[in-house]
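Participant: File entry_30.pdb below, PDB, C-alpha atoms and all ligand atoms:
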ATOM      1  CA  MET A 188     111.704 141.322 161.352
ATOM      2  CA  ALA A 189     109.368 139.477 158.973
ATOM      3  CA  LEU A 190     110.805 137.797 155.878
ATOM      4  CA  LEU A 191     107.972 138.828 153.549
ATOM      5  CA  ASN A 192     106.815 142.344 152.661
ATOM      6  CA  ASP A 193     103.549 143.491 154.236
ATOM      7  CA  ASP A 194     101.401 146.523 153.424
ATOM      8  CA  LYS A 195     103.496 148.809 155.683
ATOM      9  CA  ARG A 196     107.115 147.762 155.216
ATOM     10  CA  TYR A 197     109.581 145.692 153.214
ATOM     11  CA  GLY A 198     110.530 142.312 154.696
ATOM     12  CA  THR A 199     114.073 141.144 155.440
ATOM     13  CA  ILE A 200     114.515 139.404 152.061
ATOM     14  CA  ALA A 201     113.560 142.463 149.964
ATOM     15  CA  LYS A 202     115.815 144.646 152.147
ATOM     16  CA  ALA A 203     118.690 142.194 151.673
ATOM     17  CA  TRP A 204     118.263 142.302 147.846
ATOM     18  CA  HIS A 205     118.122 146.107 147.910
ATOM     19  CA  TRP A 206     121.155 146.757 150.147
ATOM     20  CA  GLY A 207     123.064 143.849 148.593
ATOM     21  CA  ALA A 208     122.631 145.488 145.165
ATOM     22  CA  VAL A 209     123.848 148.822 146.605
ATOM     23  CA  ALA A 210     126.986 147.126 148.009
ATOM     24  CA  LEU A 211     127.720 145.348 144.694
ATOM     25  CA  LEU A 212     127.239 148.604 142.747
ATOM     26  CA  ILE A 213     129.739 150.411 144.990
ATOM     27  CA  VAL A 214     132.288 147.642 144.300
ATOM     28  CA  LEU A 215     131.500 147.695 140.542
ATOM     29  CA  PHE A 216     131.984 151.457 140.203
ATOM     30  CA  GLY A 217     135.086 151.369 142.422
ATOM     31  CA  LEU A 218     136.707 148.666 140.298
ATOM     32  CA  GLY A 219     135.436 150.091 136.973
ATOM     33  CA  TRP A 220     136.918 153.534 137.609
ATOM     34  CA  THR A 221     140.298 152.259 138.811
ATOM     35  CA  MET A 222     141.024 149.178 136.674
ATOM     36  CA  THR A 223     141.039 150.823 133.228
ATOM     37  CA  GLU A 224     143.910 153.168 134.193
ATOM     38  CA  LEU A 225     146.201 150.360 135.426
ATOM     39  CA  PRO A 226     149.187 149.314 133.298
ATOM     40  CA  LEU A 227     148.862 145.929 131.592
ATOM     41  CA  GLY A 228     149.701 143.174 134.071
ATOM     42  CA  VAL A 229     148.365 140.672 136.573
ATOM     43  CA  GLU A 230     146.700 143.281 138.790
ATOM     44  CA  LYS A 231     144.740 144.767 135.881
ATOM     45  CA  PHE A 232     143.706 141.294 134.714
ATOM     46  CA  GLU A 233     142.551 140.334 138.227
ATOM     47  CA  ARG A 234     140.571 143.536 138.751
ATOM     48  CA  TYR A 235     138.822 143.122 135.393
ATOM     49  CA  ASN A 236     137.933 139.539 136.338
ATOM     50  CA  LEU A 237     136.641 140.654 139.723
ATOM     51  CA  HIS A 238     134.580 143.438 138.107
ATOM     52  CA  LYS A 239     133.020 140.930 135.717
ATOM     53  CA  SER A 240     132.366 138.358 138.466
ATOM     54  CA  VAL A 241     130.677 140.939 140.690
ATOM     55  CA  GLY A 242     128.645 142.109 137.653
ATOM     56  CA  VAL A 243     127.388 138.553 137.027
ATOM     57  CA  THR A 244     126.577 138.238 140.758
ATOM     58  CA  LEU A 245     124.523 141.436 140.483
ATOM     59  CA  LEU A 246     122.720 139.988 137.456
ATOM     60  CA  LEU A 247     121.675 136.938 139.507
ATOM     61  CA  LEU A 248     120.663 139.102 142.445
ATOM     62  CA  MET A 249     118.512 141.336 140.190
ATOM     63  CA  LEU A 250     116.802 138.295 138.651
ATOM     64  CA  PHE A 251     115.993 136.928 142.126
ATOM     65  CA  ARG A 252     114.755 140.382 143.053
ATOM     66  CA  LEU A 253     112.340 140.481 140.137
ATOM     67  CA  VAL A 254     111.001 137.035 141.052
ATOM     68  CA  TRP A 255     110.703 138.170 144.670
ATOM     69  CA  ARG A 256     108.525 141.146 143.617
ATOM     70  CA  ILE A 257     106.018 138.606 142.309
ATOM     71  CA  VAL A 258     106.289 136.294 145.346
ATOM     72  CA  SER A 259     106.004 139.182 147.799
ATOM     73  CA  PRO A 260     104.778 142.464 146.204
ATOM     74  CA  PRO A 261     106.202 145.750 147.532
ATOM     75  CA  PRO A 262     104.119 147.725 150.060
ATOM     76  CA  PRO A 263     101.831 150.279 148.361
ATOM     77  CA  LEU A 264     102.832 153.956 148.254
ATOM     78  CA  PRO A 265     101.105 156.289 150.761
ATOM     79  CA  ASP A 266      97.507 157.286 149.828
ATOM     80  CA  SER A 267      98.541 160.951 149.956
ATOM     81  CA  LEU A 268     100.647 160.569 146.785
ATOM     82  CA  SER A 269      99.140 161.939 143.544
ATOM     83  CA  ASP A 270      98.771 159.793 140.401
ATOM     84  CA  GLY A 271     101.553 161.805 138.725
ATOM     85  CA  MET A 272     103.947 161.061 141.603
ATOM     86  CA  ARG A 273     103.035 157.365 141.486
ATOM     87  CA  ARG A 274     103.797 157.276 137.776
ATOM     88  CA  MET A 275     107.143 159.004 138.369
ATOM     89  CA  ALA A 276     108.050 156.490 141.088
ATOM     90  CA  ALA A 277     107.198 153.542 138.797
ATOM     91  CA  LEU A 278     109.142 155.109 135.911
ATOM     92  CA  GLY A 279     112.167 155.661 138.177
ATOM     93  CA  HIS A 280     112.153 152.080 139.490
ATOM     94  CA  TRP A 281     111.685 150.391 136.117
ATOM     95  CA  SER A 282     114.310 152.651 134.517
ATOM     96  CA  LEU A 283     116.756 151.513 137.209
ATOM     97  CA  TYR A 284     115.999 147.843 136.535
ATOM     98  CA  LEU A 285     116.316 148.358 132.774
ATOM     99  CA  ALA A 286     119.559 150.363 133.010
ATOM    100  CA  LEU A 287     121.129 147.764 135.328
ATOM    101  CA  PHE A 288     120.280 144.840 133.064
ATOM    102  CA  ALA A 289     121.431 146.787 129.981
ATOM    103  CA  GLN A 290     124.738 147.740 131.635
ATOM    104  CA  ILE A 291     125.427 144.148 132.629
ATOM    105  CA  GLY A 292     124.464 142.855 129.152
ATOM    106  CA  VAL A 293     126.716 145.419 127.438
ATOM    107  CA  GLY A 294     129.594 144.481 129.781
ATOM    108  CA  LEU A 295     129.209 140.790 128.944
ATOM    109  CA  VAL A 296     129.026 141.287 125.169
ATOM    110  CA  HIS A 297     131.940 143.743 125.359
ATOM    111  CA  SER A 298     134.112 141.094 127.038
ATOM    112  CA  TRP A 299     133.181 138.395 124.547
ATOM    113  CA  SER A 300     133.686 140.663 121.524
ATOM    114  CA  ALA A 301     137.125 141.595 122.971
ATOM    115  CA  ASN A 302     137.822 137.830 123.042
ATOM    116  CA  PHE A 303     138.102 137.748 126.842
ATOM    117  CA  PRO A 304     136.105 134.918 128.425
ATOM    118  CA  VAL A 305     134.020 135.676 131.498
ATOM    119  CA  VAL A 306     135.083 133.299 134.288
ATOM    120  CA  VAL A 307     133.016 133.953 137.409
ATOM    121  CA  PHE A 308     135.321 134.116 140.464
ATOM    122  CA  GLY A 309     137.819 131.924 138.587
ATOM    123  CA  LYS A 310     135.435 128.944 138.765
ATOM    124  CA  LEU A 311     132.608 129.135 136.241
ATOM    125  CA  ALA A 312     133.421 129.971 132.602
ATOM    126  CA  LEU A 313     130.363 131.413 130.840
ATOM    127  CA  PRO A 314     129.967 130.371 127.189
ATOM    128  CA  SER A 315     130.841 133.279 124.846
ATOM    129  CA  LEU A 316     127.648 134.225 123.013
ATOM    130  CA  THR A 317     129.332 136.573 120.510
ATOM    131  CA  ALA A 318     132.381 136.086 118.271
ATOM    132  CA  PRO A 319     135.449 138.350 118.661
ATOM    133  CA  ASN A 320     134.746 141.677 116.937
ATOM    134  CA  GLU A 321     137.099 144.647 117.323
ATOM    135  CA  GLY A 322     134.600 147.255 116.016
ATOM    136  CA  LEU A 323     131.784 146.048 118.273
ATOM    137  CA  LYS A 324     134.140 145.947 121.253
ATOM    138  CA  GLU A 325     135.028 149.614 120.785
ATOM    139  CA  ILE A 326     131.422 150.755 120.448
ATOM    140  CA  LEU A 327     130.372 148.751 123.519
ATOM    141  CA  ALA A 328     133.214 150.197 125.632
ATOM    142  CA  VAL A 329     131.799 153.683 124.938
ATOM    143  CA  ILE A 330     128.228 152.533 125.659
ATOM    144  CA  HIS A 331     129.382 150.874 128.912
ATOM    145  CA  TYR A 332     131.086 154.106 129.979
ATOM    146  CA  TRP A 333     127.987 156.238 129.296
ATOM    147  CA  GLY A 334     125.733 153.516 130.717
ATOM    148  CA  GLY A 335     127.622 153.916 134.004
ATOM    149  CA  MET A 336     127.010 157.687 133.884
ATOM    150  CA  ALA A 337     123.292 157.195 133.132
ATOM    151  CA  LEU A 338     123.050 154.783 136.062
ATOM    152  CA  LEU A 339     124.625 157.363 138.348
ATOM    153  CA  VAL A 340     121.998 159.936 137.276
ATOM    154  CA  LEU A 341     119.172 157.455 137.937
ATOM    155  CA  ILE A 342     120.677 156.494 141.300
ATOM    156  CA  ALA A 343     120.993 160.182 142.267
ATOM    157  CA  GLY A 344     117.300 160.682 141.371
ATOM    158  CA  HIS A 345     116.379 157.592 143.405
ATOM    159  CA  ILE A 346     118.254 158.854 146.490
ATOM    160  CA  GLY A 347     116.807 162.347 145.988
ATOM    161  CA  ALA A 348     113.264 160.915 145.886
ATOM    162  CA  ALA A 349     113.876 158.889 149.072
ATOM    163  CA  LEU A 350     115.150 162.000 150.886
ATOM    164  CA  TYR A 351     112.218 164.079 149.580
ATOM    165  CA  HIS A 352     109.818 161.517 151.079
ATOM    166  CA  HIS A 353     111.638 161.434 154.399
ATOM    167  CA  PHE A 354     112.387 165.106 155.003
ATOM    168  CA  LEU A 355     109.719 166.999 153.052
ATOM    169  CA  ARG A 356     106.687 164.724 152.907
ATOM    170  CA  ARG A 357     107.642 163.088 156.218
ATOM    171  CA  ASP A 358     106.149 159.744 155.232
ATOM    172  CA  THR A 359     107.536 156.216 155.774
ATOM    173  CA  VAL A 360     108.740 155.502 152.210
ATOM    174  CA  LEU A 361     112.444 155.675 153.133
ATOM    175  CA  LYS A 362     112.127 154.166 156.613
ATOM    176  CA  ARG A 363     110.302 151.073 155.408
ATOM    177  CA  MET A 364     113.416 150.041 153.421
ATOM    178  CA  ILE A 365     115.886 150.755 156.277
ATOM    179  CA  PRO A 366     116.799 147.642 158.309
ATOM    180  CA  TRP A 367     115.708 147.842 161.955
ATOM    181  CA  ALA A 368     113.977 151.254 161.497
ATOM    182  CA  LYS A 369     110.864 151.667 163.636
ATOM    183  CA  ILE A 370     107.713 152.695 161.727
TER     184      ILE A 370
HETATM  185  C1  LIG A 401     125.637 147.302 136.728
HETATM  186  C2  LIG A 401     126.769 146.664 136.516
HETATM  187  C3  LIG A 401     128.015 147.353 136.059
HETATM  188  C4  LIG A 401     128.464 148.625 136.295
HETATM  189  C5  LIG A 401     127.787 149.714 137.110
HETATM  190  C6  LIG A 401     129.721 148.767 135.593
HETATM  191  C7  LIG A 401     130.491 149.914 135.598
HETATM  192  C8  LIG A 401     131.676 150.075 134.899
HETATM  193  C9  LIG A 401     132.460 151.274 134.868
HETATM  194  C10 LIG A 401     132.121 152.573 135.614
HETATM  195  C11 LIG A 401     133.531 151.044 134.082
HETATM  196  C12 LIG A 401     134.651 152.053 133.701
HETATM  197  C13 LIG A 401     134.332 152.604 132.318
HETATM  198  C14 LIG A 401     135.457 153.465 131.773
HETATM  199  O1  LIG A 401     136.006 154.252 132.537
HETATM  200  O2  LIG A 401     135.738 153.296 130.574
HETATM  201  C15 LIG A 401     133.452 149.696 133.601
HETATM  202  C16 LIG A 401     134.366 149.083 132.743
HETATM  203  C17 LIG A 401     134.261 147.779 132.285
HETATM  204  N1  LIG A 401     133.277 146.860 132.591
HETATM  205 FE1  LIG A 401     131.671 147.197 133.778
HETATM  206  N2  LIG A 401     130.027 147.581 134.961
HETATM  207  C18 LIG A 401     129.003 146.694 135.208
HETATM  208  C19 LIG A 401     128.906 145.382 134.772
HETATM  209  C20 LIG A 401     129.856 144.732 133.982
HETATM  210  C21 LIG A 401     129.789 143.346 133.562
HETATM  211  C22 LIG A 401     128.682 142.367 133.944
HETATM  212  C23 LIG A 401     130.875 143.113 132.781
HETATM  213  C24 LIG A 401     131.309 141.850 132.080
HETATM  214  C25 LIG A 401     130.997 140.652 132.467
HETATM  215  C26 LIG A 401     131.634 144.344 132.701
HETATM  216  C27 LIG A 401     132.802 144.519 131.982
HETATM  217  C28 LIG A 401     133.540 145.681 131.936
HETATM  218  C29 LIG A 401     134.759 145.835 131.158
HETATM  219  C30 LIG A 401     135.421 144.759 130.271
HETATM  220  C31 LIG A 401     135.188 147.162 131.357
HETATM  221  C32 LIG A 401     136.432 147.852 130.745
HETATM  222  C33 LIG A 401     136.012 148.569 129.487
HETATM  223  C34 LIG A 401     137.249 149.095 128.796
HETATM  224  O3  LIG A 401     138.315 148.511 128.986
HETATM  225  O4  LIG A 401     137.093 150.079 128.069
HETATM  226  N3  LIG A 401     130.993 145.310 133.450
HETATM  227  N4  LIG A 401     132.313 149.110 134.129
END
Is it possible to give me this structure as structure tokens?

Facilitator:
Amino acid sequence: MALLNDDKRYGTIAKAWHWGAVALLIVLFGLGWTMTELPLGVEKFERYNLHKSVGVTLLLLMLFRLVWRIVSPPPPLPDSLSDGMRRMAALGHWSLYLALFAQIGVGLVHSWSANFPVVVFGKLALPSLTAPNEGLKEILAVIHYWGGMALLVLIAGHIGAALYHHFLRRDTVLKRMIPWAKI
């Protein structure tokens, strides 16, 4: 498998960013949905810290991914796709990027405004960029909740589009992102 993208398929590095982000998102939603219900205690504290650390890891991964798009541009969409479909694909992808960055940013500012430092995997304390603020904390908790829901809708659309390409249009758009798939 080639490291760089070519005009037919994604390379190993772009696939690793993509599936790495999927894995981190599964962990983030899993922790997010279970940690808030826990009673106050060490386990809750540790799960919150893990959620935040994985969120910061995703932030780094997404930044590398954006840089990688410039280093090695994605393969073009099939010629058979109309201009409207191309615009929808671009809108879907950039909405996903934007929603991910926004969700991570809201999570960070929420933690700082709640006066909880963000210490990545117990090793690296990020400087708090906002002062403690009870009102802001409450608003951001609601935005973070609905941000998660919006992300799920975008992700469902993204999966739906990939399946539409594979099963209805029968093109290579899904396969070219699957590791070891033959095109
Ligand atoms: C794309 C990345 C992220 C996703 C998908 C995500 C998802 C979620 C979800 C689903 C919840 C549960 C919401 C609820 O039931 O109220 C949650 C809670 C939370 N998240 Fe995230 N999160 C992300 C990134 C982050 C980051 C980077 C931080 C901070 C560094 C963070 C901090 C928090 C905190 C503090 C809560 C608890 C909110 C509360 O207690 O009301 N999240 N997250």

Participant: Would you list the residues that come within 6 Å of ligand LIG 401 (chain A)? Count only C-alpha atoms and all ligand atoms and give the answer as a PDB file with C-alpha atoms, in the frame of the given file.

Facilitator:
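After the write, part-v5.pdb holds the following:
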ATOM      1  CA  LEU A 212     127.239 148.604 142.747  1.00  0.00           C
ATOM      2  CA  LEU A 215     131.500 147.695 140.542  1.00  0.00           C
ATOM      3  CA  PHE A 216     131.984 151.457 140.203  1.00  0.00           C
ATOM      4  CA  GLY A 219     135.436 150.091 136.973  1.00  0.00           C
ATOM      5  CA  TRP A 220     136.918 153.534 137.609  1.00  0.00           C
ATOM      6  CA  THR A 223     141.039 150.823 133.228  1.00  0.00           C
ATOM      7  CA  LYS A 239     133.020 140.930 135.717  1.00  0.00           C
ATOM      8  CA  GLY A 242     128.645 142.109 137.653  1.00  0.00           C
ATOM      9  CA  VAL A 243     127.388 138.553 137.027  1.00  0.00           C
ATOM     10  CA  LEU A 287     121.129 147.764 135.328  1.00  0.00           C
ATOM     11  CA  GLN A 290     124.738 147.740 131.635  1.00  0.00           C
ATOM     12  CA  ILE A 291     125.427 144.148 132.629  1.00  0.00           C
ATOM     13  CA  GLY A 294     129.594 144.481 129.781  1.00  0.00           C
ATOM     14  CA  LEU A 295     129.209 140.790 128.944  1.00  0.00           C
ATOM     15  CA  SER A 298     134.112 141.094 127.038  1.00  0.00           C
ATOM     16  CA  VAL A 305     134.020 135.676 131.498  1.00  0.00           C
ATOM     17  CA  ALA A 328     133.214 150.197 125.632  1.00  0.00           C
ATOM     18  CA  TYR A 332     131.086 154.106 129.979  1.00  0.00           C
ATOM     19  CA  GLY A 335     127.622 153.916 134.004  1.00  0.00           C
TER      20      GLY A 335
END

Participant: Name the residues that the PyMOL selection byres (((chain A and resi 358) around 12) and not hetatm) pulls out of this structure, and write them as number ranges by chain.

Facilitator: A: 195, 264-268, 348-357, 359-363, 370

Participant: Between atom CA of Leu237 of chain A and atom CA of Leu218 of chain A, what is the distance in Å, rounded to a tenth?

Facilitator: 8.0 Å

Participant: Residues within 10 Å of (133.2, 139.1, 139.7), file coordinates, counting only C-alpha atoms: what are they? Give the list as a PyMOL selection string.

Facilitator: chain A and resi 211+214-215+233-245+305-309

Participant: Nearest residue to Tyr284 of chain A out of A:Ala368, A:Ala210, A:Leu246, A:Glu230, using all atoms listed in the file?

Facilitator: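 Using all atoms listed in the file, the shortest distance to Tyr284 of chain A belongs to A:Leu246.
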
Participant: In terms of the shortest atom-to-atom distance over only C-alpha atoms, which of A:Ile213, A:Leu248, A:Val296, A:Ala276 is closest to Asn320 of chain A?

Facilitator: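 Looking only at the distances to Asn320 of chain A, the closest residue turns out to be A:Val296.
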
Participant: Identify, on the basis of all atoms listed in the file, every residue whose closest approach to Trp299 of chain A does not exceed 8 Å; exclude the query and any residue fewer than 3 positions from it along the same chain; express the result as a PDB file with C-alpha atoms, keeping the file's coordinate frame.

Facilitator:
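Here's the written file result_35.pdb:
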ATOM      1  CA  LEU A 295     129.209 140.790 128.944  1.00  0.00           C
ATOM      2  CA  VAL A 296     129.026 141.287 125.169  1.00  0.00           C
ATOM      3  CA  ASN A 302     137.822 137.830 123.042  1.00  0.00           C
ATOM      4  CA  PHE A 303     138.102 137.748 126.842  1.00  0.00           C
ATOM      5  CA  PRO A 304     136.105 134.918 128.425  1.00  0.00           C
ATOM      6  CA  VAL A 305     134.020 135.676 131.498  1.00  0.00           C
ATOM      7  CA  SER A 315     130.841 133.279 124.846  1.00  0.00           C
ATOM      8  CA  LEU A 316     127.648 134.225 123.013  1.00  0.00           C
ATOM      9  CA  THR A 317     129.332 136.573 120.510  1.00  0.00           C
ATOM     10  CA  ALA A 318     132.381 136.086 118.271  1.00  0.00           C
ATOM     11  CA  PRO A 319     135.449 138.350 118.661  1.00  0.00           C
TER      12      PRO A 319
END

Participant: From the options A:Gly217, A:Gly292, A:Pro226, A:Gly207, which residue's atoms come nearest to Phe251 of chain A, counting only C-alpha atoms?

Facilitator: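 Checking each candidate against Phe251 of chain A, we get A:Gly207 as the closest.
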
Participant: Near Ala286 of chain A, counting only C-alpha atoms, which residues have an atom at most 8 Å away, once you skip same-chain residues fewer than 2 positions from it, shown as a PyMOL selection string?

Facilitator: chain A and resi 282-284+288-290+334+337-338

Participant: Convert the current residue selection to file output with C-alpha atoms, as a PDB file, in the coordinates of the input.

Facilitator:
ATOM      1  CA  SER A 282     114.310 152.651 134.517  1.00  0.00           C
ATOM      2  CA  LEU A 283     116.756 151.513 137.209  1.00  0.00           C
ATOM      3  CA  TYR A 284     115.999 147.843 136.535  1.00  0.00           C
ATOM      4  CA  PHE A 288     120.280 144.840 133.064  1.00  0.00           C
ATOM      5  CA  ALA A 289     121.431 146.787 129.981  1.00  0.00           C
ATOM      6  CA  GLN A 290     124.738 147.740 131.635  1.00  0.00           C
ATOM      7  CA  GLY A 334     125.733 153.516 130.717  1.00  0.00           C
ATOM      8  CA  ALA A 337     123.292 157.195 133.132  1.00  0.00           C
ATOM      9  CA  LEU A 338     123.050 154.783 136.062  1.00  0.00           C
TER      10      LEU A 338
END

Participant: If the PyMOL selection byres (((chain A and resi 194) around 7) and not hetatm) is run on the structure shown, which residues does it catch, given as JSON, numbers by chain?

Facilitator: {"A": [192, 193, 195, 196, 262, 263]}

Participant: What would segment 314-328 of chain A look like with N, CA and C atoms restored, written as a PDB file, in the coordinates of the input?

Facilitator:
ATOM      1  N   PRO A 314     129.735 130.533 128.627  1.00  0.00           N
ATOM      2  CA  PRO A 314     129.967 130.371 127.189  1.00  0.00           C
ATOM      3  C   PRO A 314     129.921 131.740 126.497  1.00  0.00           C
ATOM      4  N   SER A 315     130.838 131.990 125.558  1.00  0.00           N
ATOM      5  CA  SER A 315     130.841 133.279 124.846  1.00  0.00           C
ATOM      6  C   SER A 315     129.716 133.270 123.816  1.00  0.00           C
ATOM      7  N   LEU A 316     128.808 134.222 123.914  1.00  0.00           N
ATOM      8  CA  LEU A 316     127.648 134.225 123.013  1.00  0.00           C
ATOM      9  C   LEU A 316     127.875 135.094 121.781  1.00  0.00           C
ATOM     10  N   THR A 317     129.024 135.809 121.732  1.00  0.00           N
ATOM     11  CA  THR A 317     129.332 136.573 120.510  1.00  0.00           C
ATOM     12  C   THR A 317     130.781 136.299 120.104  1.00  0.00           C
ATOM     13  N   ALA A 318     131.030 136.334 118.794  1.00  0.00           N
ATOM     14  CA  ALA A 318     132.381 136.086 118.271  1.00  0.00           C
ATOM     15  C   ALA A 318     133.246 137.330 118.505  1.00  0.00           C
ATOM     16  N   PRO A 319     134.580 137.165 118.530  1.00  0.00           N
ATOM     17  CA  PRO A 319     135.449 138.350 118.661  1.00  0.00           C
ATOM     18  C   PRO A 319     135.153 139.359 117.553  1.00  0.00           C
ATOM     19  N   ASN A 320     135.101 140.643 117.917  1.00  0.00           N
ATOM     20  CA  ASN A 320     134.746 141.677 116.937  1.00  0.00           C
ATOM     21  C   ASN A 320     135.288 143.013 117.458  1.00  0.00           C
ATOM     22  N   GLU A 321     136.387 143.451 116.845  1.00  0.00           N
ATOM     23  CA  GLU A 321     137.099 144.647 117.323  1.00  0.00           C
ATOM     24  C   GLU A 321     136.207 145.892 117.284  1.00  0.00           C
ATOM     25  N   GLY A 322     135.452 146.065 116.174  1.00  0.00           N
ATOM     26  CA  GLY A 322     134.600 147.255 116.016  1.00  0.00           C
ATOM     27  C   GLY A 322     133.521 147.285 117.082  1.00  0.00           C
ATOM     28  N   LEU A 323     132.857 146.134 117.273  1.00  0.00           N
ATOM     29  CA  LEU A 323     131.784 146.048 118.273  1.00  0.00           C
ATOM     30  C   LEU A 323     132.343 146.332 119.661  1.00  0.00           C
ATOM     31  N   LYS A 324     133.510 145.762 119.944  1.00  0.00           N
ATOM     32  CA  LYS A 324     134.140 145.947 121.253  1.00  0.00           C
ATOM     33  C   LYS A 324     134.323 147.443 121.558  1.00  0.00           C
ATOM     34  N   GLU A 325     134.773 148.192 120.531  1.00  0.00           N
ATOM     35  CA  GLU A 325     135.028 149.614 120.785  1.00  0.00           C
ATOM     36  C   GLU A 325     133.749 150.395 121.024  1.00  0.00           C
ATOM     37  N   ILE A 326     132.710 150.054 120.256  1.00  0.00           N
ATOM     38  CA  ILE A 326     131.422 150.755 120.448  1.00  0.00           C
ATOM     39  C   ILE A 326     130.860 150.434 121.846  1.00  0.00           C
ATOM     40  N   LEU A 327     130.961 149.156 122.232  1.00  0.00           N
ATOM     41  CA  LEU A 327     130.372 148.751 123.519  1.00  0.00           C
ATOM     42  C   LEU A 327     131.138 149.343 124.704  1.00  0.00           C
ATOM     43  N   ALA A 328     132.449 149.563 124.539  1.00  0.00           N
ATOM     44  CA  ALA A 328     133.214 150.197 125.632  1.00  0.00           C
ATOM     45  C   ALA A 328     132.670 151.605 125.880  1.00  0.00           C
TER      46      ALA A 328
END
